[in-house]
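> Structure in structure tokens, see below.
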Amino acid sequence: MRRRRQSAVYSPGGCGCGLLLLPVIAVSIGVMFALAGLAAAALVLFITAIGVTIWLCRNREQRRVDGKTNVGWVVFLIIAYLLSASYLVFFVLLMISAFTGESVTVG
């Protein structure tokens, strides 16, 4: 008895799973770029806050002579440091967990 040869149909992912995962991969890449953009913005905000702090320290006497207060700048600095530092810590912990594969918890 002669065996009939069956023709096999191959898909790029073997079973088509790769095609099903394409939307998930696309969303993951988009989330990665969004988080990287937020980290870059947090870094710029952190550097700006450091620059404003140095500027306020250098011009402290001149601002006192001019009768200007630092209340607005202090409020800006508190908000800037809290926003930027907390997100940068979150981003660093996220990168550590992504590259090591283990969950990183604080506290």
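In the structure tokens, each chain is lettered A, B, ... as it comes, each chain's residues begin at 1, and ligands are numbered from 1 in order of appearance.
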Identify, on the basis of only C-alpha atoms, every residue whose closest approach to Met32 of chain A does not exceed 12 Å; exclude the query and any residue fewer than 6 positions from it along the same chain; express the result as a list in words.
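The filter keeps Ile25, Ala26, Leu38, Ala39, Phe91, Leu94, Met95 and Ala98 of chain A.
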> Could you give me, as a VMD selection string, the residues within 12 Å of Leu82 of chain A, counting only C-alpha atoms and dropping anything in the same chain fewer than 6 positions from it?
chain A and resid 42 45 to 46 49 75 to 76 88 to 89
> If you count only C-alpha atoms, which residues fall within 12 Å of Val44 of chain A, apart from same-chain ones fewer than 3 positions away, as a PyMOL selection string?
chain A and resi 37-41+47-51+80-81+83-85+87-88
> Which of these, A:Leu56, A:Val92, A:Leu35, A:Gly101, has the shortest distance to Val71 of chain A once you count only C-alpha atoms?
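Closest to Val71 of chain A, using only C-alpha atoms: A:Leu56.
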> When DSSP is applied to the backbone of this structure, which of chain A are assigned helix (DSSP H, G or I)? Write them out as a PyMOL selection string.
chain A and resi 17-58+60-66+71-100
> Quick one: distance from atom CA of Leu93 of chain A to atom CA of Thr105 of chain A in Å, one decimal?
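Here the two named atoms are 8.2 Å from each other.
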